[in-house]
Amino acid sequence: MAYLNENYLKLQAGYLFPEIARRVREFCDANPNAARKLIRCGIGDVTEPLPKAAIEAMKRAVDELGDRETFRGYGPEQGYEFLRSTIAGHDYRDRNIDIADDEIFVSDGSKSDCGFILDILGDQNKIAITDPVYPVYVDTNVMAGHTGPAKKDGGYEGIVYLPCTAENKFVPEPPSEHVDLVYLCFPNNPTGAVASRDQLARWIDYAREHSAILLFHAAYEAYISDVEIPHSIFEIPGARECAIEFRSFSKNGGFTGVRCGFTVMSKMLLARTESGKNLPLHPLWHRRWSTKANSVSYPVQRGAEALYSPEGRKQVRELIEHYMDNAKMLRDACAKIGLEVFGGVNAPYIWVKTPNGLTSWQMFDRMLRELNVVITPGAGFGAQGEGYFRISAFNSRANAEEVARRLEKLH
């Protein structure tokens, strides 16, 4: 009989969002009338239609595939040049960030890349992860065998947890101890916090001092409205030598179902072998993609390229404004009834302290039962998330307005 990967057995009972889905399904089965009024503000999935520029570009691309003269088969594993050059130009070089076209690797999303990156990083690395945290960072390391068993508080032995609290505005300082890999996500999921230029510079200083690598997840950078807040880790001097950036078209272009994102892998980034050699990660990441995948379909890449067109950028901005207007409405509704609220200004998530000492899952059950609204319990994001819950602004305007009205019943 074949052996299984026993690291999977160390995982907690269920990934957060399937567990939420299970509880919601049980509630709906038992309460069919309430189920018809249910509004989901839990999973951060977009709700509005794709930008027309992307739709039209994908249609043209499909038509090309129907003609022998313009048909395309396998594409470049790291993505088509037309998309990589567009990304490198608009997102980086136009902002005076020196990123080359071939340092862009197109994928089916940043969530995937946050796990795939472990393919080229050694098992010996000491890993630091913020808490609360997007569960993918933790669970993929558990699956890869980079942790010990689970602890009573839901964390894992072998991981250095960086507490993100109201006291530090949910932006941790670098640890006093040595680590090799650090996961950072700003604007943050789940707290909606952003990191200033000075705060990110301190992380760059730490990484260079400790020869560490920062795994910087910037899936929500398009939602930043504060002109003082960096959109990319590469805006900070020295980042090319110590950081990898993950980005996505899911939340700015609505590509959660279409699937497209990219990783920025600098040619200057080095990692160490057991024999003490320092070697570049760029060719290894390229080899990983050429061996294990074939990037993203041609029509999807044309759709992503169209998001950078004048029409596409305007339509993306309208989508972001829609969701951020929802965020303001939901944030204001929570504040109006006396809840302590964070986020929702430079990110589409509102992070709310539970009232009256309720646990986050108790608050989940109360919101589901009394308001027929699905939120995300903070405990699902880590020990420091206990006592908070997340409301997603990804919804229709009508649903956001209705949730704001229902929240008044909690007063």
# chains A, B, ... in the order shown; residues from 1 in each chain; ligands from 1
>>> residues_around(residues="Glu340 of chain A", least_positions_apart="3", cutoff="10 Å", atoms="only C-alpha atoms", output="list in words")
Arg331, Cys334, Ala335, Lys336, Ile337, Trp351, Val352, Lys353, Thr354, Pro355 and Tyr388 of chain A
>>> select_by_dssp(residues="segment 152-383 of chain A", states="strand (DSSP E or B)", output="VMD selection string")
chain A and resid 156 159 to 163 181 to 185 213 to 217 243 to 248 261 to 265 270 to 272 278 to 280 341 to 343 349 to 353 373 to 374 376 to 377
>>> residues_around(residues="segment 268-280 of chain A", least_positions_apart="3", cutoff="10 Å", atoms="only C-alpha atoms", output="MDAnalysis selection string")
chainID A and resid 120:122 124 180 211:213 239:244 265 283:285
>>> closest_residue(among="A:Lys314, A:Lys152, A:Lys328, A:Lys111", to="Ala54 of chain A", atoms="only C-alpha atoms")
A:Lys314
>>> select_by_dssp(residues="segment 61-170 of chain A", states="helix (DSSP H, G or I)", output="mmCIF file with all heavy atoms, in the first residue's frame")
data_model
loop_
_atom_site.group_PDB
_atom_site.id
_atom_site.type_symbol
_atom_site.label_atom_id
_atom_site.label_comp_id
_atom_site.auth_asym_id
_atom_site.auth_seq_id
_atom_site.Cartn_x
_atom_site.Cartn_y
_atom_site.Cartn_z
ATOM 1 N N ALA A 61 -9.542 37.038 -27.999
ATOM 2 C CA ALA A 61 -8.540 35.977 -27.893
ATOM 3 C C ALA A 61 -9.138 34.613 -28.233
ATOM 4 O O ALA A 61 -8.493 33.783 -28.887
ATOM 5 C CB ALA A 61 -7.947 35.962 -26.488
ATOM 6 N N VAL A 62 -10.356 34.374 -27.797
ATOM 7 C CA VAL A 62 -11.029 33.113 -28.132
ATOM 8 C C VAL A 62 -11.244 33.015 -29.636
ATOM 9 O O VAL A 62 -11.044 31.950 -30.247
ATOM 10 C CB VAL A 62 -12.363 33.001 -27.370
ATOM 11 C CG1 VAL A 62 -13.180 31.822 -27.889
ATOM 12 C CG2 VAL A 62 -12.109 32.833 -25.878
ATOM 13 N N ASP A 63 -11.632 34.121 -30.265
ATOM 14 C CA ASP A 63 -11.800 34.119 -31.720
ATOM 15 C C ASP A 63 -10.482 33.788 -32.411
ATOM 16 O O ASP A 63 -10.464 33.073 -33.424
ATOM 17 C CB ASP A 63 -12.309 35.478 -32.194
ATOM 18 C CG ASP A 63 -13.770 35.716 -31.829
ATOM 19 O OD1 ASP A 63 -14.478 34.718 -31.550
ATOM 20 O OD2 ASP A 63 -14.198 36.890 -31.807
ATOM 21 N N GLU A 64 -9.377 34.293 -31.874
ATOM 22 C CA GLU A 64 -8.065 33.983 -32.456
ATOM 23 C C GLU A 64 -7.805 32.477 -32.408
ATOM 24 O O GLU A 64 -7.219 31.909 -33.344
ATOM 25 C CB GLU A 64 -6.963 34.710 -31.687
ATOM 26 C CG GLU A 64 -6.896 36.206 -31.914
ATOM 27 C CD GLU A 64 -5.764 36.844 -31.114
ATOM 28 O OE1 GLU A 64 -4.674 36.234 -31.053
ATOM 29 O OE2 GLU A 64 -5.975 37.926 -30.544
ATOM 30 N N LEU A 65 -8.221 31.844 -31.332
ATOM 31 C CA LEU A 65 -8.000 30.406 -31.196
ATOM 32 C C LEU A 65 -8.854 29.595 -32.156
ATOM 33 O O LEU A 65 -8.602 28.399 -32.358
ATOM 34 C CB LEU A 65 -8.272 29.964 -29.758
ATOM 35 C CG LEU A 65 -7.376 30.590 -28.677
ATOM 36 C CD1 LEU A 65 -7.751 30.050 -27.301
ATOM 37 C CD2 LEU A 65 -5.906 30.328 -28.962
ATOM 38 N N GLU A 81 4.941 37.262 -23.139
ATOM 39 C CA GLU A 81 5.721 38.487 -23.057
ATOM 40 C C GLU A 81 4.825 39.719 -23.031
ATOM 41 O O GLU A 81 5.114 40.699 -22.327
ATOM 42 C CB GLU A 81 6.707 38.567 -24.222
ATOM 43 C CG GLU A 81 7.505 39.858 -24.288
ATOM 44 C CD GLU A 81 8.408 40.074 -23.090
ATOM 45 O OE1 GLU A 81 8.797 39.078 -22.439
ATOM 46 O OE2 GLU A 81 8.732 41.244 -22.794
ATOM 47 N N PHE A 82 3.720 39.706 -23.778
ATOM 48 C CA PHE A 82 2.859 40.892 -23.819
ATOM 49 C C PHE A 82 2.309 41.232 -22.450
ATOM 50 O O PHE A 82 2.159 42.407 -22.099
ATOM 51 C CB PHE A 82 1.726 40.727 -24.843
ATOM 52 C CG PHE A 82 0.726 39.629 -24.544
ATOM 53 C CD1 PHE A 82 -0.265 39.791 -23.588
ATOM 54 C CD2 PHE A 82 0.760 38.440 -25.261
ATOM 55 C CE1 PHE A 82 -1.189 38.790 -23.332
ATOM 56 C CE2 PHE A 82 -0.168 37.433 -25.022
ATOM 57 C CZ PHE A 82 -1.141 37.601 -24.044
ATOM 58 N N LEU A 83 2.011 40.229 -21.620
ATOM 59 C CA LEU A 83 1.483 40.509 -20.278
ATOM 60 C C LEU A 83 2.611 40.833 -19.306
ATOM 61 O O LEU A 83 2.506 41.783 -18.527
ATOM 62 C CB LEU A 83 0.671 39.325 -19.766
ATOM 63 C CG LEU A 83 0.077 39.485 -18.362
ATOM 64 C CD1 LEU A 83 -0.771 40.755 -18.260
ATOM 65 C CD2 LEU A 83 -0.751 38.264 -17.967
ATOM 66 N N ARG A 84 3.705 40.094 -19.364
ATOM 67 C CA ARG A 84 4.802 40.341 -18.434
ATOM 68 C C ARG A 84 5.386 41.744 -18.631
ATOM 69 O O ARG A 84 5.696 42.439 -17.660
ATOM 70 C CB ARG A 84 5.886 39.274 -18.594
ATOM 71 C CG ARG A 84 5.416 37.910 -18.099
ATOM 72 C CD ARG A 84 6.541 36.892 -18.066
ATOM 73 N NE ARG A 84 7.024 36.606 -19.402
ATOM 74 C CZ ARG A 84 8.278 36.710 -19.788
ATOM 75 N NH1 ARG A 84 9.205 37.118 -18.928
ATOM 76 N NH2 ARG A 84 8.646 36.417 -21.007
ATOM 77 N N SER A 85 5.525 42.168 -19.887
ATOM 78 C CA SER A 85 6.076 43.508 -20.133
ATOM 79 C C SER A 85 5.099 44.588 -19.697
ATOM 80 O O SER A 85 5.506 45.645 -19.190
ATOM 81 C CB SER A 85 6.421 43.679 -21.616
ATOM 82 O OG SER A 85 5.268 43.580 -22.426
ATOM 83 N N THR A 86 3.802 44.331 -19.848
ATOM 84 C CA THR A 86 2.792 45.292 -19.409
ATOM 85 C C THR A 86 2.812 45.435 -17.894
ATOM 86 O O THR A 86 2.784 46.547 -17.353
ATOM 87 C CB THR A 86 1.398 44.858 -19.880
ATOM 88 O OG1 THR A 86 1.371 44.818 -21.315
ATOM 89 C CG2 THR A 86 0.326 45.821 -19.392
ATOM 90 N N ILE A 87 2.878 44.318 -17.190
ATOM 91 C CA ILE A 87 2.934 44.345 -15.724
ATOM 92 C C ILE A 87 4.192 45.079 -15.253
ATOM 93 O O ILE A 87 4.121 45.991 -14.413
ATOM 94 C CB ILE A 87 2.922 42.913 -15.159
ATOM 95 C CG1 ILE A 87 1.564 42.247 -15.391
ATOM 96 C CG2 ILE A 87 3.246 42.935 -13.658
ATOM 97 C CD1 ILE A 87 1.559 40.753 -15.104
ATOM 98 N N ALA A 88 5.339 44.667 -15.786
ATOM 99 C CA ALA A 88 6.603 45.261 -15.344
ATOM 100 C C ALA A 88 6.641 46.754 -15.622
ATOM 101 O O ALA A 88 7.149 47.544 -14.813
ATOM 102 C CB ALA A 88 7.774 44.563 -16.034
ATOM 103 N N GLY A 89 6.057 47.166 -16.763
ATOM 104 C CA GLY A 89 6.046 48.578 -17.105
ATOM 105 C C GLY A 89 5.101 49.392 -16.245
ATOM 106 O O GLY A 89 5.517 50.360 -15.586
ATOM 107 N N HIS A 90 3.839 49.002 -16.185
ATOM 108 C CA HIS A 90 2.823 49.798 -15.490
ATOM 109 C C HIS A 90 2.949 49.733 -13.971
ATOM 110 O O HIS A 90 2.834 50.754 -13.291
ATOM 111 C CB HIS A 90 1.421 49.346 -15.913
ATOM 112 C CG HIS A 90 1.007 49.822 -17.261
ATOM 113 N ND1 HIS A 90 0.374 51.018 -17.467
ATOM 114 C CD2 HIS A 90 1.148 49.264 -18.489
ATOM 115 C CE1 HIS A 90 0.129 51.185 -18.756
ATOM 116 N NE2 HIS A 90 0.594 50.132 -19.401
ATOM 117 N N ASP A 91 3.164 48.526 -13.434
ATOM 118 C CA ASP A 91 3.153 48.370 -11.974
ATOM 119 C C ASP A 91 4.489 48.713 -11.325
ATOM 120 O O ASP A 91 4.529 49.002 -10.121
ATOM 121 C CB ASP A 91 2.762 46.941 -11.589
ATOM 122 C CG ASP A 91 1.284 46.663 -11.781
ATOM 123 O OD1 ASP A 91 0.514 47.638 -11.836
ATOM 124 O OD2 ASP A 91 0.897 45.480 -11.873
ATOM 125 N N TYR A 92 5.548 48.701 -12.113
ATOM 126 C CA TYR A 92 6.873 48.889 -11.509
ATOM 127 C C TYR A 92 7.679 49.996 -12.178
ATOM 128 O O TYR A 92 7.977 51.008 -11.547
ATOM 129 C CB TYR A 92 7.630 47.549 -11.503
ATOM 130 C CG TYR A 92 6.913 46.537 -10.640
ATOM 131 C CD1 TYR A 92 6.058 45.590 -11.204
ATOM 132 C CD2 TYR A 92 7.023 46.567 -9.252
ATOM 133 C CE1 TYR A 92 5.356 44.689 -10.411
ATOM 134 C CE2 TYR A 92 6.324 45.673 -8.447
ATOM 135 C CZ TYR A 92 5.492 44.741 -9.037
ATOM 136 O OH TYR A 92 4.781 43.873 -8.247
ATOM 137 N N ARG A 93 8.048 49.845 -13.431
ATOM 138 C CA ARG A 93 8.946 50.840 -14.022
ATOM 139 C C ARG A 93 8.307 52.222 -14.104
ATOM 140 O O ARG A 93 9.005 53.238 -13.961
ATOM 141 C CB ARG A 93 9.427 50.354 -15.392
ATOM 142 C CG ARG A 93 10.358 49.142 -15.291
ATOM 143 C CD ARG A 93 11.119 48.912 -16.573
ATOM 144 N NE ARG A 93 10.287 48.506 -17.681
ATOM 145 C CZ ARG A 93 10.002 47.247 -18.007
ATOM 146 N NH1 ARG A 93 10.505 46.243 -17.277
ATOM 147 N NH2 ARG A 93 9.244 46.960 -19.042
ATOM 148 N N ASP A 94 6.986 52.282 -14.312
ATOM 149 C CA ASP A 94 6.313 53.592 -14.306
ATOM 150 C C ASP A 94 6.369 54.244 -12.931
ATOM 151 O O ASP A 94 6.136 55.449 -12.809
ATOM 152 C CB ASP A 94 4.852 53.458 -14.759
ATOM 153 C CG ASP A 94 4.719 53.262 -16.262
ATOM 154 O OD1 ASP A 94 5.761 53.299 -16.955
ATOM 155 O OD2 ASP A 94 3.591 53.070 -16.744
ATOM 156 N N ARG A 95 6.642 53.446 -11.900
ATOM 157 C CA ARG A 95 6.778 53.959 -10.533
ATOM 158 C C ARG A 95 8.248 54.013 -10.106
ATOM 159 O O ARG A 95 8.553 54.013 -8.919
ATOM 160 C CB ARG A 95 5.971 53.087 -9.569
ATOM 161 C CG ARG A 95 4.473 53.111 -9.853
ATOM 162 C CD ARG A 95 3.690 52.343 -8.811
ATOM 163 N NE ARG A 95 2.260 52.388 -9.065
ATOM 164 C CZ ARG A 95 1.327 51.911 -8.247
ATOM 165 N NH1 ARG A 95 1.700 51.378 -7.099
ATOM 166 N NH2 ARG A 95 0.049 51.984 -8.547
ATOM 167 N N ASP A 101 11.144 42.559 -17.343
ATOM 168 C CA ASP A 101 10.021 41.741 -17.801
ATOM 169 C C ASP A 101 10.168 40.291 -17.357
ATOM 170 O O ASP A 101 9.185 39.654 -16.947
ATOM 171 C CB ASP A 101 9.922 41.769 -19.333
ATOM 172 C CG ASP A 101 9.602 43.144 -19.885
ATOM 173 O OD1 ASP A 101 9.384 44.078 -19.082
ATOM 174 O OD2 ASP A 101 9.563 43.284 -21.123
ATOM 175 N N ASP A 102 11.390 39.747 -17.443
ATOM 176 C CA ASP A 102 11.571 38.334 -17.126
ATOM 177 C C ASP A 102 11.677 38.067 -15.624
ATOM 178 O O ASP A 102 11.923 36.932 -15.210
ATOM 179 C CB ASP A 102 12.758 37.742 -17.879
ATOM 180 C CG ASP A 102 14.078 38.389 -17.518
ATOM 181 O OD1 ASP A 102 14.081 39.348 -16.714
ATOM 182 O OD2 ASP A 102 15.115 37.937 -18.036
ATOM 183 N N GLU A 103 11.472 39.094 -14.813
ATOM 184 C CA GLU A 103 11.341 38.886 -13.373
ATOM 185 C C GLU A 103 9.873 38.735 -12.955
ATOM 186 O O GLU A 103 9.573 38.548 -11.777
ATOM 187 C CB GLU A 103 11.992 40.041 -12.610
ATOM 188 C CG GLU A 103 13.514 40.042 -12.765
ATOM 189 C CD GLU A 103 14.196 41.204 -12.081
ATOM 190 O OE1 GLU A 103 13.717 42.360 -12.233
ATOM 191 O OE2 GLU A 103 15.206 40.978 -11.386
ATOM 192 N N SER A 110 -2.243 34.543 -6.707
ATOM 193 C CA SER A 110 -1.226 34.689 -5.664
ATOM 194 C C SER A 110 -1.390 33.652 -4.552
ATOM 195 O O SER A 110 -0.407 33.279 -3.900
ATOM 196 C CB SER A 110 -1.263 36.106 -5.088
ATOM 197 O OG SER A 110 -2.533 36.405 -4.537
ATOM 198 N N LYS A 111 -2.609 33.188 -4.323
ATOM 199 C CA LYS A 111 -2.800 32.135 -3.321
ATOM 200 C C LYS A 111 -1.966 30.912 -3.687
ATOM 201 O O LYS A 111 -1.277 30.335 -2.834
ATOM 202 C CB LYS A 111 -4.279 31.753 -3.223
ATOM 203 C CG LYS A 111 -4.561 30.567 -2.304
ATOM 204 C CD LYS A 111 -6.036 30.208 -2.309
ATOM 205 C CE LYS A 111 -6.313 29.002 -1.422
ATOM 206 N NZ LYS A 111 -7.755 28.644 -1.392
ATOM 207 N N SER A 112 -2.030 30.525 -4.958
ATOM 208 C CA SER A 112 -1.261 29.366 -5.410
ATOM 209 C C SER A 112 0.229 29.603 -5.231
ATOM 210 O O SER A 112 0.960 28.742 -4.712
ATOM 211 C CB SER A 112 -1.564 29.085 -6.889
ATOM 212 O OG SER A 112 -2.930 28.856 -7.110
ATOM 213 N N ASP A 113 0.702 30.776 -5.634
ATOM 214 C CA ASP A 113 2.133 31.058 -5.578
ATOM 215 C C ASP A 113 2.657 31.092 -4.152
ATOM 216 O O ASP A 113 3.816 30.738 -3.901
ATOM 217 C CB ASP A 113 2.440 32.382 -6.268
ATOM 218 C CG ASP A 113 2.386 32.261 -7.786
ATOM 219 O OD1 ASP A 113 2.227 31.128 -8.280
ATOM 220 O OD2 ASP A 113 2.494 33.286 -8.477
ATOM 221 N N CYS A 114 1.827 31.528 -3.204
ATOM 222 C CA CYS A 114 2.254 31.552 -1.802
ATOM 223 C C CYS A 114 2.571 30.149 -1.303
ATOM 224 O O CYS A 114 3.378 29.977 -0.385
ATOM 225 C CB CYS A 114 1.169 32.184 -0.931
ATOM 226 S SG CYS A 114 1.056 33.982 -1.094
ATOM 227 N N GLY A 115 1.945 29.138 -1.898
ATOM 228 C CA GLY A 115 2.269 27.758 -1.570
ATOM 229 C C GLY A 115 3.366 27.197 -2.453
ATOM 230 O O GLY A 115 4.282 26.520 -1.982
ATOM 231 N N PHE A 116 3.304 27.512 -3.749
ATOM 232 C CA PHE A 116 4.297 26.980 -4.684
ATOM 233 C C PHE A 116 5.717 27.432 -4.369
ATOM 234 O O PHE A 116 6.678 26.730 -4.659
ATOM 235 C CB PHE A 116 3.947 27.417 -6.113
ATOM 236 C CG PHE A 116 2.685 26.834 -6.665
ATOM 237 C CD1 PHE A 116 1.984 27.493 -7.672
ATOM 238 C CD2 PHE A 116 2.175 25.627 -6.197
ATOM 239 C CE1 PHE A 116 0.824 26.960 -8.198
ATOM 240 C CE2 PHE A 116 1.002 25.095 -6.710
ATOM 241 C CZ PHE A 116 0.320 25.762 -7.719
ATOM 242 N N ILE A 117 5.853 28.618 -3.769
ATOM 243 C CA ILE A 117 7.196 29.145 -3.508
ATOM 244 C C ILE A 117 8.003 28.207 -2.613
ATOM 245 O O ILE A 117 9.245 28.185 -2.677
ATOM 246 C CB ILE A 117 7.107 30.561 -2.880
ATOM 247 C CG1 ILE A 117 8.460 31.282 -2.975
ATOM 248 C CG2 ILE A 117 6.612 30.497 -1.446
ATOM 249 C CD1 ILE A 117 8.907 31.572 -4.372
ATOM 250 N N LEU A 118 7.317 27.398 -1.813
ATOM 251 C CA LEU A 118 8.017 26.479 -0.912
ATOM 252 C C LEU A 118 8.744 25.384 -1.674
ATOM 253 O O LEU A 118 9.641 24.736 -1.128
ATOM 254 C CB LEU A 118 7.030 25.869 0.083
ATOM 255 C CG LEU A 118 6.332 26.867 1.010
ATOM 256 C CD1 LEU A 118 5.340 26.157 1.918
ATOM 257 C CD2 LEU A 118 7.349 27.643 1.837
ATOM 258 N N ASP A 119 8.383 25.184 -2.959
ATOM 259 C CA ASP A 119 9.066 24.178 -3.765
ATOM 260 C C ASP A 119 10.555 24.470 -3.900
ATOM 261 O O ASP A 119 11.355 23.547 -4.072
ATOM 262 C CB ASP A 119 8.457 24.119 -5.174
ATOM 263 C CG ASP A 119 7.094 23.455 -5.218
ATOM 264 O OD1 ASP A 119 6.620 23.001 -4.159
ATOM 265 O OD2 ASP A 119 6.498 23.391 -6.306
ATOM 266 N N ILE A 120 10.934 25.754 -3.866
ATOM 267 C CA ILE A 120 12.341 26.093 -4.108
ATOM 268 C C ILE A 120 13.049 26.585 -2.842
ATOM 269 O O ILE A 120 14.186 27.047 -2.918
ATOM 270 C CB ILE A 120 12.476 27.145 -5.227
ATOM 271 C CG1 ILE A 120 11.831 28.482 -4.833
ATOM 272 C CG2 ILE A 120 11.881 26.622 -6.538
ATOM 273 C CD1 ILE A 120 12.179 29.622 -5.781
ATOM 274 N N PRO A 135 -4.788 32.057 6.246
ATOM 275 C CA PRO A 135 -4.436 30.684 6.633
ATOM 276 C C PRO A 135 -3.530 29.946 5.648
ATOM 277 O O PRO A 135 -2.851 28.997 6.039
ATOM 278 C CB PRO A 135 -5.805 29.994 6.734
ATOM 279 C CG PRO A 135 -6.773 31.091 6.993
ATOM 280 C CD PRO A 135 -6.248 32.276 6.244
ATOM 281 N N VAL A 136 -3.506 30.360 4.395
ATOM 282 C CA VAL A 136 -2.700 29.656 3.390
ATOM 283 C C VAL A 136 -1.225 29.616 3.771
ATOM 284 O O VAL A 136 -0.539 28.616 3.548
ATOM 285 C CB VAL A 136 -2.875 30.309 2.008
ATOM 286 C CG1 VAL A 136 -1.864 29.777 1.006
ATOM 287 C CG2 VAL A 136 -4.286 30.061 1.493
ATOM 288 N N TYR A 137 -0.715 30.701 4.362
ATOM 289 C CA TYR A 137 0.713 30.744 4.710
ATOM 290 C C TYR A 137 1.062 29.630 5.683
ATOM 291 O O TYR A 137 2.095 28.960 5.550
ATOM 292 C CB TYR A 137 1.098 32.086 5.332
ATOM 293 C CG TYR A 137 0.652 33.319 4.605
ATOM 294 C CD1 TYR A 137 0.420 34.505 5.301
ATOM 295 C CD2 TYR A 137 0.450 33.335 3.229
ATOM 296 C CE1 TYR A 137 0.018 35.661 4.657
ATOM 297 C CE2 TYR A 137 0.041 34.478 2.574
ATOM 298 C CZ TYR A 137 -0.181 35.646 3.293
ATOM 299 O OH TYR A 137 -0.597 36.780 2.655
ATOM 300 N N VAL A 138 0.224 29.462 6.681
ATOM 301 C CA VAL A 138 0.482 28.445 7.699
ATOM 302 C C VAL A 138 0.274 27.050 7.132
ATOM 303 O O VAL A 138 1.140 26.175 7.229
ATOM 304 C CB VAL A 138 -0.421 28.661 8.927
ATOM 305 C CG1 VAL A 138 -0.227 27.523 9.935
ATOM 306 C CG2 VAL A 138 -0.135 30.003 9.584
ATOM 307 N N ASP A 139 -0.886 26.830 6.530
ATOM 308 C CA ASP A 139 -1.254 25.470 6.130
ATOM 309 C C ASP A 139 -0.323 24.896 5.075
ATOM 310 O O ASP A 139 -0.029 23.695 5.083
ATOM 311 C CB ASP A 139 -2.703 25.450 5.639
ATOM 312 C CG ASP A 139 -3.707 25.627 6.761
ATOM 313 O OD1 ASP A 139 -3.276 25.744 7.920
ATOM 314 O OD2 ASP A 139 -4.923 25.669 6.486
ATOM 315 N N THR A 140 0.158 25.719 4.151
ATOM 316 C CA THR A 140 1.072 25.190 3.133
ATOM 317 C C THR A 140 2.404 24.787 3.753
ATOM 318 O O THR A 140 3.032 23.826 3.300
ATOM 319 C CB THR A 140 1.296 26.205 2.006
ATOM 320 O OG1 THR A 140 1.688 27.477 2.552
ATOM 321 C CG2 THR A 140 0.038 26.376 1.172
ATOM 322 N N ASN A 141 2.841 25.494 4.788
ATOM 323 C CA ASN A 141 4.061 25.088 5.479
ATOM 324 C C ASN A 141 3.856 23.804 6.275
ATOM 325 O O ASN A 141 4.760 22.967 6.353
ATOM 326 C CB ASN A 141 4.558 26.221 6.381
ATOM 327 C CG ASN A 141 5.418 27.215 5.634
ATOM 328 O OD1 ASN A 141 6.577 26.948 5.342
ATOM 329 N ND2 ASN A 141 4.842 28.362 5.297
ATOM 330 N N VAL A 142 2.669 23.637 6.846
ATOM 331 C CA VAL A 142 2.353 22.382 7.525
ATOM 332 C C VAL A 142 2.388 21.230 6.525
ATOM 333 O O VAL A 142 3.009 20.183 6.758
ATOM 334 C CB VAL A 142 0.977 22.461 8.213
ATOM 335 C CG1 VAL A 142 0.612 21.101 8.822
ATOM 336 C CG2 VAL A 142 0.978 23.528 9.297
ATOM 337 N N MET A 143 1.742 21.420 5.379
ATOM 338 C CA MET A 143 1.692 20.381 4.348
ATOM 339 C C MET A 143 3.084 19.996 3.857
ATOM 340 O O MET A 143 3.343 18.839 3.518
ATOM 341 C CB MET A 143 0.864 20.878 3.163
ATOM 342 C CG MET A 143 -0.604 21.058 3.447
ATOM 343 S SD MET A 143 -1.411 21.903 2.050
ATOM 344 C CE MET A 143 -3.106 21.945 2.609
#
>>> residues_around(residues="Glu235 of chain A", least_positions_apart="3", cutoff="7 Å", atoms="only C-alpha atoms", output="list in words")
Ile97, Pro230 and Ser232 of chain A
>>> residues_around(residues="His286 of chain A", least_positions_apart="3", cutoff="9 Å", atoms="only C-alpha atoms", output="PyMOL selection string")
chain A and resi 77-78+105+281-283+289-291
>>> residues_around(residues="segment 185-192 of chain A", least_positions_apart="3", cutoff="6 Å", atoms="only C-alpha atoms", output="count of residues only")
8
>>> atom_distance(atom1="atom CA of Gly158 of chain A", atom2="atom CA of Leu9 of chain A")
16.3 Å
>>> atom_distance(atom1="atom CA of Ile104 of chain A", atom2="atom CA of Asp226 of chain A")
26.0 Å
>>> atom_distance(atom1="atom CA of Arg390 of chain A", atom2="atom CA of Ala30 of chain A")
24.7 Å
>>> residues_around(residues="Ile20 of chain A", least_positions_apart="5", cutoff="9 Å", atoms="only C-alpha atoms", output="list in words")
Tyr15, Arg25, Gly42, Ile43, Val374, Ile375, Thr376 and Pro377 of chain A
>>> closest_residue(among="A:Glu408, A:Glu209, A:Glu157, A:Glu386", to="Ser176 of chain A", atoms="only C-alpha atoms")
A:Glu209
>>> closest_residue(among="A:Ala100, A:Ala35, A:Val296, A:Val182", to="Ile159 of chain A", atoms="only C-alpha atoms")
A:Val182
